[in-house]
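For reference, run-v5.pdb is printed below; it contains PDB, C-alpha atoms.
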ATOM      1  CA  MET A 346     -12.663   0.295 -17.960  1.00  0.00           C
ATOM      2  CA  VAL A 347      -9.339   2.078 -17.733  1.00  0.00           C
ATOM      3  CA  LYS A 348      -6.758   1.585 -14.989  1.00  0.00           C
ATOM      4  CA  LEU A 349      -4.386   4.262 -13.776  1.00  0.00           C
ATOM      5  CA  ILE A 350      -1.133   2.763 -12.519  1.00  0.00           C
ATOM      6  CA  TYR A 351       0.776   5.093 -10.218  1.00  0.00           C
ATOM      7  CA  CYS A 352       4.217   3.859  -9.142  1.00  0.00           C
ATOM      8  CA  ILE A 353       5.326   5.626  -5.961  1.00  0.00           C
ATOM      9  CA  SER A 354       8.346   5.974  -3.681  1.00  0.00           C
ATOM     10  CA  LYS A 355       8.445   6.796   0.009  1.00  0.00           C
ATOM     11  CA  LYS A 356       9.976   9.951   1.368  1.00  0.00           C
ATOM     12  CA  PRO A 357      13.630   9.106   2.089  1.00  0.00           C
ATOM     13  CA  GLU A 358      13.374   9.990   5.768  1.00  0.00           C
ATOM     14  CA  MET A 359      10.420   7.647   6.388  1.00  0.00           C
ATOM     15  CA  SER A 360      10.835   4.048   7.456  1.00  0.00           C
ATOM     16  CA  LEU A 361       9.211   1.427   5.267  1.00  0.00           C
ATOM     17  CA  ASP A 362       6.814   0.524   8.092  1.00  0.00           C
ATOM     18  CA  ALA A 363       5.748   4.145   8.590  1.00  0.00           C
ATOM     19  CA  PHE A 364       5.278   4.629   4.846  1.00  0.00           C
ATOM     20  CA  GLN A 365       3.129   1.520   4.446  1.00  0.00           C
ATOM     21  CA  ALA A 366       1.066   2.266   7.551  1.00  0.00           C
ATOM     22  CA  TYR A 367       0.369   5.844   6.451  1.00  0.00           C
ATOM     23  CA  TRP A 368      -0.552   4.768   2.922  1.00  0.00           C
ATOM     24  CA  ARG A 369      -2.836   1.980   4.179  1.00  0.00           C
ATOM     25  CA  ASP A 370      -4.471   3.620   7.187  1.00  0.00           C
ATOM     26  CA  THR A 371      -4.502   7.369   6.522  1.00  0.00           C
ATOM     27  CA  HIS A 372      -4.255   7.890   2.762  1.00  0.00           C
ATOM     28  CA  ALA A 373      -6.513   5.016   1.615  1.00  0.00           C
ATOM     29  CA  PRO A 374      -9.815   6.542   2.788  1.00  0.00           C
ATOM     30  CA  ILE A 375      -8.831   9.938   1.337  1.00  0.00           C
ATOM     31  CA  ALA A 376      -7.978   8.572  -2.120  1.00  0.00           C
ATOM     32  CA  GLY A 377     -10.811   6.062  -1.887  1.00  0.00           C
ATOM     33  CA  ALA A 378     -13.298   8.950  -1.849  1.00  0.00           C
ATOM     34  CA  ILE A 379     -12.386  10.069  -5.390  1.00  0.00           C
ATOM     35  CA  PRO A 380     -15.649  10.154  -7.388  1.00  0.00           C
ATOM     36  CA  GLY A 381     -16.112   7.582 -10.147  1.00  0.00           C
ATOM     37  CA  LEU A 382     -13.542   5.216  -8.653  1.00  0.00           C
ATOM     38  CA  ARG A 383     -14.656   1.663  -9.487  1.00  0.00           C
ATOM     39  CA  ARG A 384     -11.769  -0.175  -7.853  1.00  0.00           C
ATOM     40  CA  TYR A 385      -8.696   0.933  -5.912  1.00  0.00           C
ATOM     41  CA  VAL A 386      -5.846  -1.408  -5.010  1.00  0.00           C
ATOM     42  CA  GLN A 387      -2.626  -0.543  -3.208  1.00  0.00           C
ATOM     43  CA  CYS A 388       0.320  -2.780  -4.105  1.00  0.00           C
ATOM     44  CA  HIS A 389       2.853  -2.712  -1.273  1.00  0.00           C
ATOM     45  CA  VAL A 390       6.377  -3.930  -2.032  1.00  0.00           C
ATOM     46  CA  VAL A 391       7.255  -7.010   0.042  1.00  0.00           C
ATOM     47  CA  PRO A 392       9.799  -6.638   2.903  1.00  0.00           C
ATOM     48  CA  GLU A 393      12.057  -9.230   1.215  1.00  0.00           C
ATOM     49  CA  ALA A 394      12.804  -6.663  -1.520  1.00  0.00           C
ATOM     50  CA  TYR A 395      14.747  -4.567   1.023  1.00  0.00           C
ATOM     51  CA  ALA A 396      17.105  -7.298   2.244  1.00  0.00           C
ATOM     52  CA  GLY A 397      20.637  -6.027   2.795  1.00  0.00           C
ATOM     53  CA  ASP A 398      21.326  -3.002   0.578  1.00  0.00           C
ATOM     54  CA  ALA A 399      18.666  -3.950  -1.980  1.00  0.00           C
ATOM     55  CA  ARG A 400      16.208  -1.239  -2.988  1.00  0.00           C
ATOM     56  CA  PRO A 401      13.262  -1.860  -5.317  1.00  0.00           C
ATOM     57  CA  ALA A 402      12.555   0.410  -8.309  1.00  0.00           C
ATOM     58  CA  TYR A 403       9.519   1.794  -6.457  1.00  0.00           C
ATOM     59  CA  ASP A 404       8.033   1.224  -3.012  1.00  0.00           C
ATOM     60  CA  GLY A 405       4.608   0.421  -4.384  1.00  0.00           C
ATOM     61  CA  ALA A 406       1.949   1.114  -6.971  1.00  0.00           C
ATOM     62  CA  ALA A 407      -1.579   2.407  -6.616  1.00  0.00           C
ATOM     63  CA  GLU A 408      -4.098   1.137  -9.155  1.00  0.00           C
ATOM     64  CA  LEU A 409      -7.313   3.060  -9.781  1.00  0.00           C
ATOM     65  CA  TRP A 410     -10.057   1.879 -12.138  1.00  0.00           C
ATOM     66  CA  PHE A 411     -12.611   4.148 -13.828  1.00  0.00           C
ATOM     67  CA  ASP A 412     -15.378   3.482 -16.353  1.00  0.00           C
ATOM     68  CA  ASP A 413     -13.488   5.255 -19.133  1.00  0.00           C
ATOM     69  CA  ILE A 414     -11.010   8.040 -19.878  1.00  0.00           C
ATOM     70  CA  ASP A 415     -13.650  10.741 -19.503  1.00  0.00           C
ATOM     71  CA  ALA A 416     -14.599   9.478 -16.028  1.00  0.00           C
ATOM     72  CA  LEU A 417     -10.920   9.455 -15.073  1.00  0.00           C
ATOM     73  CA  ARG A 418     -10.377  13.015 -16.366  1.00  0.00           C
ATOM     74  CA  GLN A 419     -13.454  14.224 -14.502  1.00  0.00           C
ATOM     75  CA  ALA A 420     -12.233  12.513 -11.328  1.00  0.00           C
ATOM     76  CA  MET A 421      -8.804  14.170 -11.654  1.00  0.00           C
ATOM     77  CA  ARG A 422     -10.486  17.601 -11.576  1.00  0.00           C
ATOM     78  CA  SER A 423     -12.422  16.844  -8.361  1.00  0.00           C
ATOM     79  CA  ALA A 424     -11.874  18.316  -4.912  1.00  0.00           C
ATOM     80  CA  GLU A 425     -11.352  14.760  -3.620  1.00  0.00           C
ATOM     81  CA  THR A 426      -8.399  14.252  -5.956  1.00  0.00           C
ATOM     82  CA  ALA A 427      -6.960  17.607  -4.898  1.00  0.00           C
ATOM     83  CA  ALA A 428      -7.215  16.456  -1.277  1.00  0.00           C
ATOM     84  CA  ALA A 429      -5.542  13.128  -2.101  1.00  0.00           C
ATOM     85  CA  LEU A 430      -2.688  14.878  -3.938  1.00  0.00           C
ATOM     86  CA  ALA A 431      -2.216  17.262  -1.011  1.00  0.00           C
ATOM     87  CA  ASP A 432      -2.024  14.321   1.391  1.00  0.00           C
ATOM     88  CA  GLU A 433       0.613  12.613  -0.771  1.00  0.00           C
ATOM     89  CA  ALA A 434       3.118  15.223   0.395  1.00  0.00           C
ATOM     90  CA  ASN A 435       3.024  13.465   3.786  1.00  0.00           C
ATOM     91  CA  PHE A 436       4.554  10.213   2.546  1.00  0.00           C
ATOM     92  CA  ILE A 437       5.463  10.242  -1.178  1.00  0.00           C
ATOM     93  CA  ASP A 438       8.719  11.426  -2.788  1.00  0.00           C
ATOM     94  CA  HIS A 439       7.372  13.040  -5.962  1.00  0.00           C
ATOM     95  CA  THR A 440      10.806  13.022  -7.620  1.00  0.00           C
ATOM     96  CA  ARG A 441      10.485   9.217  -7.936  1.00  0.00           C
ATOM     97  CA  VAL A 442       7.022   8.458  -9.252  1.00  0.00           C
ATOM     98  CA  ALA A 443       5.570   7.363 -12.599  1.00  0.00           C
ATOM     99  CA  SER A 444       1.978   7.127 -13.737  1.00  0.00           C
ATOM    100  CA  PHE A 445       0.277   5.858 -16.857  1.00  0.00           C
ATOM    101  CA  ILE A 446      -3.265   5.035 -17.966  1.00  0.00           C
ATOM    102  CA  THR A 447      -3.912   1.536 -19.247  1.00  0.00           C
ATOM    103  CA  VAL A 448      -6.479  -0.978 -20.446  1.00  0.00           C
ATOM    104  CA  GLU A 449      -6.252  -4.513 -19.071  1.00  0.00           C
ATOM    105  CA  ASN A 450      -5.758  -7.607 -21.192  1.00  0.00           C
ATOM    106  CA  VAL A 451      -6.294 -10.630 -18.945  1.00  0.00           C
ATOM    107  CA  VAL A 452      -4.132 -13.522 -20.238  1.00  0.00           C
ATOM    108  CA  VAL A 453      -4.288 -15.999 -17.340  1.00  0.00           C
TER     109      VAL A 453
ATOM    110  CA  MET B1154      -0.511 -14.154  -3.045  1.00  0.00           C
ATOM    111  CA  VAL B1155       2.258 -11.921  -4.344  1.00  0.00           C
ATOM    112  CA  LYS B1156       2.090  -9.836  -7.516  1.00  0.00           C
ATOM    113  CA  LEU B1157       5.086  -8.971  -9.668  1.00  0.00           C
ATOM    114  CA  ILE B1158       4.611  -5.630 -11.414  1.00  0.00           C
ATOM    115  CA  TYR B1159       6.852  -5.218 -14.442  1.00  0.00           C
ATOM    116  CA  CYS B1160       6.731  -1.787 -16.092  1.00  0.00           C
ATOM    117  CA  ILE B1161       7.961  -2.004 -19.683  1.00  0.00           C
ATOM    118  CA  SER B1162       8.828   0.216 -22.654  1.00  0.00           C
ATOM    119  CA  LYS B1163       8.722  -0.618 -26.341  1.00  0.00           C
ATOM    120  CA  LYS B1164      11.798  -0.742 -28.508  1.00  0.00           C
ATOM    121  CA  PRO B1165      12.185   2.787 -29.937  1.00  0.00           C
ATOM    122  CA  GLU B1166      12.018   1.616 -33.537  1.00  0.00           C
ATOM    123  CA  MET B1167       8.683  -0.191 -33.058  1.00  0.00           C
ATOM    124  CA  SER B1168       5.341   1.472 -33.606  1.00  0.00           C
ATOM    125  CA  LEU B1169       2.906   1.410 -30.708  1.00  0.00           C
ATOM    126  CA  ASP B1170       0.560  -0.822 -32.694  1.00  0.00           C
ATOM    127  CA  ALA B1171       3.300  -3.327 -33.498  1.00  0.00           C
ATOM    128  CA  PHE B1172       4.463  -3.368 -29.866  1.00  0.00           C
ATOM    129  CA  GLN B1173       0.986  -3.956 -28.476  1.00  0.00           C
ATOM    130  CA  ALA B1174       0.158  -6.613 -31.080  1.00  0.00           C
ATOM    131  CA  TYR B1175       3.402  -8.516 -30.432  1.00  0.00           C
ATOM    132  CA  TRP B1176       2.929  -8.363 -26.660  1.00  0.00           C
ATOM    133  CA  ARG B1177      -0.706  -9.475 -26.874  1.00  0.00           C
ATOM    134  CA  ASP B1178      -0.541 -12.098 -29.636  1.00  0.00           C
ATOM    135  CA  THR B1179       2.983 -13.537 -29.581  1.00  0.00           C
ATOM    136  CA  HIS B1180       4.439 -12.925 -26.108  1.00  0.00           C
ATOM    137  CA  ALA B1181       1.311 -13.619 -24.024  1.00  0.00           C
ATOM    138  CA  PRO B1182       1.208 -17.395 -24.604  1.00  0.00           C
ATOM    139  CA  ILE B1183       4.975 -17.648 -23.983  1.00  0.00           C
ATOM    140  CA  ALA B1184       4.872 -15.784 -20.656  1.00  0.00           C
ATOM    141  CA  GLY B1185       1.530 -17.366 -19.806  1.00  0.00           C
ATOM    142  CA  ALA B1186       3.229 -20.778 -19.714  1.00  0.00           C
ATOM    143  CA  ILE B1187       5.411 -19.851 -16.711  1.00  0.00           C
ATOM    144  CA  PRO B1188       4.785 -22.503 -14.022  1.00  0.00           C
ATOM    145  CA  GLY B1189       2.956 -21.454 -10.864  1.00  0.00           C
ATOM    146  CA  LEU B1190       1.399 -18.415 -12.536  1.00  0.00           C
ATOM    147  CA  ARG B1191      -2.016 -17.854 -10.913  1.00  0.00           C
ATOM    148  CA  ARG B1192      -3.016 -14.774 -12.872  1.00  0.00           C
ATOM    149  CA  TYR B1193      -1.368 -12.755 -15.649  1.00  0.00           C
ATOM    150  CA  VAL B1194      -2.655  -9.376 -16.818  1.00  0.00           C
ATOM    151  CA  GLN B1195      -1.141  -7.112 -19.450  1.00  0.00           C
ATOM    152  CA  CYS B1196      -1.878  -3.405 -18.943  1.00  0.00           C
ATOM    153  CA  HIS B1197      -1.566  -1.596 -22.270  1.00  0.00           C
ATOM    154  CA  VAL B1198      -1.207   2.185 -22.195  1.00  0.00           C
ATOM    155  CA  VAL B1199      -4.155   3.902 -23.908  1.00  0.00           C
ATOM    156  CA  PRO B1200      -3.573   5.592 -27.307  1.00  0.00           C
ATOM    157  CA  GLU B1201      -4.691   8.939 -25.838  1.00  0.00           C
ATOM    158  CA  ALA B1202      -1.461   9.002 -23.783  1.00  0.00           C
ATOM    159  CA  TYR B1203       0.529   9.501 -27.013  1.00  0.00           C
ATOM    160  CA  ALA B1204      -1.377  12.535 -28.317  1.00  0.00           C
ATOM    161  CA  GLY B1205       0.927  15.119 -29.894  1.00  0.00           C
ATOM    162  CA  ASP B1206       4.428  14.861 -28.417  1.00  0.00           C
ATOM    163  CA  ALA B1207       3.226  13.258 -25.173  1.00  0.00           C
ATOM    164  CA  ARG B1208       5.017  10.095 -24.054  1.00  0.00           C
ATOM    165  CA  PRO B1209       3.942   8.085 -21.007  1.00  0.00           C
ATOM    166  CA  ALA B1210       6.433   6.990 -18.344  1.00  0.00           C
ATOM    167  CA  TYR B1211       6.154   3.397 -19.611  1.00  0.00           C
ATOM    168  CA  ASP B1212       4.268   1.744 -22.464  1.00  0.00           C
ATOM    169  CA  GLY B1213       2.642  -0.798 -20.201  1.00  0.00           C
ATOM    170  CA  ALA B1214       2.905  -3.055 -17.198  1.00  0.00           C
ATOM    171  CA  ALA B1215       2.719  -6.816 -16.908  1.00  0.00           C
ATOM    172  CA  GLU B1216       1.263  -8.173 -13.668  1.00  0.00           C
ATOM    173  CA  LEU B1217       1.975 -11.752 -12.607  1.00  0.00           C
ATOM    174  CA  TRP B1218       0.483 -13.378  -9.512  1.00  0.00           C
ATOM    175  CA  PHE B1219       2.000 -16.333  -7.637  1.00  0.00           C
ATOM    176  CA  ASP B1220       0.995 -18.146  -4.454  1.00  0.00           C
ATOM    177  CA  ASP B1221       3.954 -16.714  -2.513  1.00  0.00           C
ATOM    178  CA  ILE B1222       7.543 -15.496  -2.827  1.00  0.00           C
ATOM    179  CA  ASP B1223       8.914 -19.032  -2.988  1.00  0.00           C
ATOM    180  CA  ALA B1224       6.610 -19.930  -5.882  1.00  0.00           C
ATOM    181  CA  LEU B1225       7.697 -16.749  -7.684  1.00  0.00           C
ATOM    182  CA  ARG B1226      11.392 -17.498  -7.129  1.00  0.00           C
ATOM    183  CA  GLN B1227      10.943 -21.046  -8.366  1.00  0.00           C
ATOM    184  CA  ALA B1228       9.080 -19.759 -11.439  1.00  0.00           C
ATOM    185  CA  MET B1229      11.884 -17.298 -12.202  1.00  0.00           C
ATOM    186  CA  ARG B1230      14.349 -20.217 -12.418  1.00  0.00           C
ATOM    187  CA  SER B1231      12.203 -22.160 -14.916  1.00  0.00           C
ATOM    188  CA  ALA B1232      12.905 -22.806 -18.582  1.00  0.00           C
ATOM    189  CA  GLU B1233       9.582 -21.109 -19.391  1.00  0.00           C
ATOM    190  CA  THR B1234      10.744 -17.858 -17.764  1.00  0.00           C
ATOM    191  CA  ALA B1235      14.040 -18.084 -19.658  1.00  0.00           C
ATOM    192  CA  ALA B1236      12.039 -18.426 -22.887  1.00  0.00           C
ATOM    193  CA  ALA B1237       9.853 -15.449 -21.975  1.00  0.00           C
ATOM    194  CA  LEU B1238      12.901 -13.299 -21.174  1.00  0.00           C
ATOM    195  CA  ALA B1239      14.529 -14.292 -24.465  1.00  0.00           C
ATOM    196  CA  ASP B1240      11.371 -13.306 -26.347  1.00  0.00           C
ATOM    197  CA  GLU B1241      11.297  -9.899 -24.637  1.00  0.00           C
ATOM    198  CA  ALA B1242      14.290  -8.885 -26.764  1.00  0.00           C
ATOM    199  CA  ASN B1243      11.865  -8.798 -29.716  1.00  0.00           C
ATOM    200  CA  PHE B1244       9.780  -5.906 -28.375  1.00  0.00           C
ATOM    201  CA  ILE B1245      11.024  -4.508 -25.034  1.00  0.00           C
ATOM    202  CA  ASP B1246      13.656  -1.805 -24.459  1.00  0.00           C
ATOM    203  CA  HIS B1247      15.392  -3.163 -21.346  1.00  0.00           C
ATOM    204  CA  THR B1248      17.010   0.203 -20.572  1.00  0.00           C
ATOM    205  CA  ARG B1249      13.540   1.505 -19.595  1.00  0.00           C
ATOM    206  CA  VAL B1250      11.920  -1.105 -17.385  1.00  0.00           C
ATOM    207  CA  ALA B1251      11.203  -1.436 -13.662  1.00  0.00           C
ATOM    208  CA  SER B1252       9.958  -4.397 -11.675  1.00  0.00           C
ATOM    209  CA  PHE B1253       8.943  -4.927  -8.077  1.00  0.00           C
ATOM    210  CA  ILE B1254       7.186  -7.605  -6.050  1.00  0.00           C
ATOM    211  CA  THR B1255       4.106  -6.574  -4.108  1.00  0.00           C
ATOM    212  CA  VAL B1256       1.194  -7.676  -1.951  1.00  0.00           C
ATOM    213  CA  GLU B1257      -2.235  -6.265  -2.759  1.00  0.00           C
ATOM    214  CA  ASN B1258      -4.336  -4.228  -0.359  1.00  0.00           C
ATOM    215  CA  VAL B1259      -7.799  -3.837  -1.908  1.00  0.00           C
ATOM    216  CA  VAL B1260      -9.308  -0.539  -0.736  1.00  0.00           C
ATOM    217  CA  VAL B1261     -12.285  -0.128  -3.084  1.00  0.00           C
TER     218      VAL B1261
END
The structure given in the file should be rewritten as C-alpha cells.
Amino acid sequence: MVKLIYCISKKPEMSLDAFQAYWRDTHAPIAGAIPGLRRYVQCHVVPEAYAGDARPAYDGAAELWFDDIDALRQAMRSAETAAALADEANFIDHTRVASFITVENVVV
Amino acid sequence: MVKLIYCISKKPEMSLDAFQAYWRDTHAPIAGAIPGLRRYVQCHVVPEAYAGDARPAYDGAAELWFDDIDALRQAMRSAETAAALADEANFIDHTRVASFITVENVVV
C-alpha cells in the first residue's frame, strides 16, 4: 500500500469552522469517490493550535491509501479526482499546500 | 486521540538510503520510547518521487498518536522526547520541517 499525504491550508478569508465543516461535510464524499481509494482520513488541526496569534504550519492533512503507485496514478487521472480538485478551489489555498507519496513503517 | 504530524526533510548531505535507514533502524526505538505514545508510524517517501531531478515537498512524515492534548504536552516535556529531538540532528534538516496537531476524521 502507498499513502498520499496532502498537507492543506484554508483560504485566508474562511473561518476555521467554515473550512473544517466544508472539508468534512461537502468535500469528503466527493474525494471519497475516487476509484481505487482503500482508505481516506482527514486530519483536522485542533482548535488549541490557533490560540492567540498562533498559526499552525498547515490547517490539516488528507491521507489517501491505494494498493500501489500504479493504482494511485490511475486514480489521479480519473474524472472523480478532477471533480475533487475542482471542489478544492472552494476551501483550499493552493499557494500553501504540500503533497508526497509514502509507504508506512509502523513502529508502535 | 490526537495525532501529531511531523513532516521532515533529510540533511542535504545524506543519501536517501542513509536517511531512511537511520530513521527506521536507529531513530525509531528512540522516538518509540516517548511516554504516552499510543501509535507511531513513519511514512517514508517512495523512491519514485526522486526520479530525475524531482524532489518531493518533504522526505517523510512521522505520525504520533496520544490519548489527548494533555498527554501530548506531557510527553513533549519528557526526557525521552529530549533524547529523540537530540537524535534528530543526526539526520533531519530542521530548516525544512513542519508539524501540526490533528484529530482524525475517517472517511473511507
Reference answer for the PyMOL selection byres ((chain B) within 9 of (chain A)), as a PyMOL selection string = chain B and resi 1155-1156+1158+1177+1181-1182+1185+1190-1199+1201-1202+1209-1214+1217+1222+1251-1261
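When atom CA of Asp432 of chain A is paired with atom CA of Ile375 of chain A, their separation reads 8.1 Å.
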In file coordinates, which residues lie within 8 Å of (-8.7, 11.4, -5.5) using all atoms listed in the file, given as a PDB file with C-alpha atoms, in the frame of the given file?
ATOM      1  CA  ILE A 375      -8.831   9.938   1.337  1.00  0.00           C
ATOM      2  CA  ALA A 376      -7.978   8.572  -2.120  1.00  0.00           C
ATOM      3  CA  GLY A 377     -10.811   6.062  -1.887  1.00  0.00           C
ATOM      4  CA  ALA A 378     -13.298   8.950  -1.849  1.00  0.00           C
ATOM      5  CA  ILE A 379     -12.386  10.069  -5.390  1.00  0.00           C
ATOM      6  CA  PRO A 380     -15.649  10.154  -7.388  1.00  0.00           C
ATOM      7  CA  ALA A 420     -12.233  12.513 -11.328  1.00  0.00           C
ATOM      8  CA  MET A 421      -8.804  14.170 -11.654  1.00  0.00           C
ATOM      9  CA  SER A 423     -12.422  16.844  -8.361  1.00  0.00           C
ATOM     10  CA  ALA A 424     -11.874  18.316  -4.912  1.00  0.00           C
ATOM     11  CA  GLU A 425     -11.352  14.760  -3.620  1.00  0.00           C
ATOM     12  CA  THR A 426      -8.399  14.252  -5.956  1.00  0.00           C
ATOM     13  CA  ALA A 427      -6.960  17.607  -4.898  1.00  0.00           C
ATOM     14  CA  ALA A 428      -7.215  16.456  -1.277  1.00  0.00           C
ATOM     15  CA  ALA A 429      -5.542  13.128  -2.101  1.00  0.00           C
ATOM     16  CA  LEU A 430      -2.688  14.878  -3.938  1.00  0.00           C
TER      17      LEU A 430
END
Chain fit, chain B moved to chain A over all Cα pairs in order, as a short mmCIF file (atom, residue, chain, number, x, y, z; two decimals) with C-alpha atoms, in the frame of the given file:
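Contents of superposed_38.cif, as written:
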data_model
loop_
_atom_site.label_atom_id
_atom_site.label_comp_id
_atom_site.auth_asym_id
_atom_site.auth_seq_id
_atom_site.Cartn_x
_atom_site.Cartn_y
_atom_site.Cartn_z
CA MET B 1154 -12.66 0.28 -17.97
CA VAL B 1155 -9.34 2.08 -17.73
CA LYS B 1156 -6.76 1.58 -14.98
CA LEU B 1157 -4.38 4.27 -13.77
CA ILE B 1158 -1.13 2.77 -12.52
CA TYR B 1159 0.78 5.10 -10.21
CA CYS B 1160 4.22 3.86 -9.15
CA ILE B 1161 5.33 5.62 -5.97
CA SER B 1162 8.35 5.97 -3.68
CA LYS B 1163 8.44 6.80 0.01
CA LYS B 1164 9.96 9.96 1.37
CA PRO B 1165 13.62 9.11 2.09
CA GLU B 1166 13.37 10.00 5.77
CA MET B 1167 10.42 7.65 6.39
CA SER B 1168 10.83 4.05 7.45
CA LEU B 1169 9.20 1.43 5.27
CA ASP B 1170 6.82 0.53 8.08
CA ALA B 1171 5.75 4.14 8.59
CA PHE B 1172 5.26 4.63 4.84
CA GLN B 1173 3.14 1.52 4.43
CA ALA B 1174 1.07 2.26 7.55
CA TYR B 1175 0.38 5.85 6.45
CA TRP B 1176 -0.56 4.76 2.93
CA ARG B 1177 -2.83 1.97 4.17
CA ASP B 1178 -4.47 3.62 7.20
CA THR B 1179 -4.50 7.37 6.53
CA HIS B 1180 -4.25 7.88 2.76
CA ALA B 1181 -6.51 5.02 1.62
CA PRO B 1182 -9.81 6.54 2.79
CA ILE B 1183 -8.82 9.94 1.34
CA ALA B 1184 -7.97 8.57 -2.12
CA GLY B 1185 -10.81 6.06 -1.89
CA ALA B 1186 -13.29 8.96 -1.84
CA ILE B 1187 -12.38 10.08 -5.39
CA PRO B 1188 -15.64 10.16 -7.39
CA GLY B 1189 -16.11 7.59 -10.15
CA LEU B 1190 -13.54 5.22 -8.65
CA ARG B 1191 -14.66 1.66 -9.48
CA ARG B 1192 -11.78 -0.17 -7.85
CA TYR B 1193 -8.70 0.93 -5.91
CA VAL B 1194 -5.85 -1.41 -5.01
CA GLN B 1195 -2.63 -0.55 -3.21
CA CYS B 1196 0.32 -2.79 -4.10
CA HIS B 1197 2.86 -2.72 -1.28
CA VAL B 1198 6.38 -3.93 -2.03
CA VAL B 1199 7.26 -7.01 0.04
CA PRO B 1200 9.81 -6.64 2.89
CA GLU B 1201 12.07 -9.23 1.22
CA ALA B 1202 12.80 -6.67 -1.53
CA TYR B 1203 14.75 -4.57 1.02
CA ALA B 1204 17.10 -7.31 2.24
CA GLY B 1205 20.64 -6.03 2.79
CA ASP B 1206 21.32 -3.00 0.58
CA ALA B 1207 18.67 -3.95 -1.99
CA ARG B 1208 16.20 -1.23 -2.99
CA PRO B 1209 13.27 -1.87 -5.33
CA ALA B 1210 12.55 0.40 -8.30
CA TYR B 1211 9.52 1.80 -6.46
CA ASP B 1212 8.03 1.22 -3.01
CA GLY B 1213 4.61 0.43 -4.39
CA ALA B 1214 1.95 1.10 -6.97
CA ALA B 1215 -1.57 2.41 -6.61
CA GLU B 1216 -4.10 1.14 -9.16
CA LEU B 1217 -7.31 3.06 -9.78
CA TRP B 1218 -10.06 1.88 -12.13
CA PHE B 1219 -12.62 4.15 -13.82
CA ASP B 1220 -15.38 3.48 -16.34
CA ASP B 1221 -13.48 5.26 -19.14
CA ILE B 1222 -11.00 8.05 -19.89
CA ASP B 1223 -13.65 10.74 -19.50
CA ALA B 1224 -14.61 9.48 -16.04
CA LEU B 1225 -10.92 9.46 -15.07
CA ARG B 1226 -10.38 13.00 -16.37
CA GLN B 1227 -13.45 14.23 -14.51
CA ALA B 1228 -12.23 12.51 -11.33
CA MET B 1229 -8.81 14.16 -11.66
CA ARG B 1230 -10.50 17.60 -11.58
CA SER B 1231 -12.43 16.85 -8.36
CA ALA B 1232 -11.88 18.32 -4.92
CA GLU B 1233 -11.36 14.77 -3.62
CA THR B 1234 -8.40 14.24 -5.97
CA ALA B 1235 -6.96 17.60 -4.90
CA ALA B 1236 -7.22 16.45 -1.28
CA ALA B 1237 -5.55 13.13 -2.10
CA LEU B 1238 -2.70 14.88 -3.93
CA ALA B 1239 -2.22 17.27 -1.01
CA ASP B 1240 -2.02 14.32 1.39
CA GLU B 1241 0.61 12.60 -0.77
CA ALA B 1242 3.12 15.23 0.39
CA ASN B 1243 3.02 13.47 3.79
CA PHE B 1244 4.55 10.21 2.54
CA ILE B 1245 5.46 10.24 -1.17
CA ASP B 1246 8.71 11.43 -2.78
CA HIS B 1247 7.38 13.05 -5.96
CA THR B 1248 10.81 13.02 -7.62
CA ARG B 1249 10.49 9.21 -7.94
CA VAL B 1250 7.02 8.46 -9.25
CA ALA B 1251 5.58 7.36 -12.60
CA SER B 1252 1.98 7.13 -13.74
CA PHE B 1253 0.28 5.86 -16.86
CA ILE B 1254 -3.26 5.04 -17.96
CA THR B 1255 -3.91 1.54 -19.25
CA VAL B 1256 -6.47 -0.98 -20.44
CA GLU B 1257 -6.25 -4.51 -19.07
CA ASN B 1258 -5.75 -7.60 -21.19
CA VAL B 1259 -6.29 -10.64 -18.94
CA VAL B 1260 -4.14 -13.52 -20.23
CA VAL B 1261 -4.29 -15.99 -17.33
#
Care to translate the PyMOL selection byres ((chain A and resi 354) around 6) into actual residues of this file, as an MDAnalysis selection string?
-> chainID A and resid 353 355 403:404 437:438 441
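Here atom CA of His1180 of chain B is placed at a distance of 10.7 Å from atom CA of Ala1242 of chain B.
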Name the closest residue to Asp1220 of chain B among the candidates B:Leu1169, B:Gly1189, B:Asp1178, B:Tyr1159; distances are taken between atoms, counting all atoms listed in the file.
->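 Counting all atoms listed in the file, the residue closest to Asp1220 of chain B is B:Gly1189.
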Work out how far atom CA of Asn1243 of chain B is from atom CA of Arg1226 of chain B, in Å to one decimal.
-> 24.2 Å
Mind giving me the axis-aligned box for segment 415-425 of chain A with 4 Å on every side, centre plus edges in Å to one decimal, as AutoDock Vina command-line options?
--center_x -11.7 --center_y 13.9 --center_z -11.6 --size_x 13.8 --size_y 16.9 --size_z 23.9
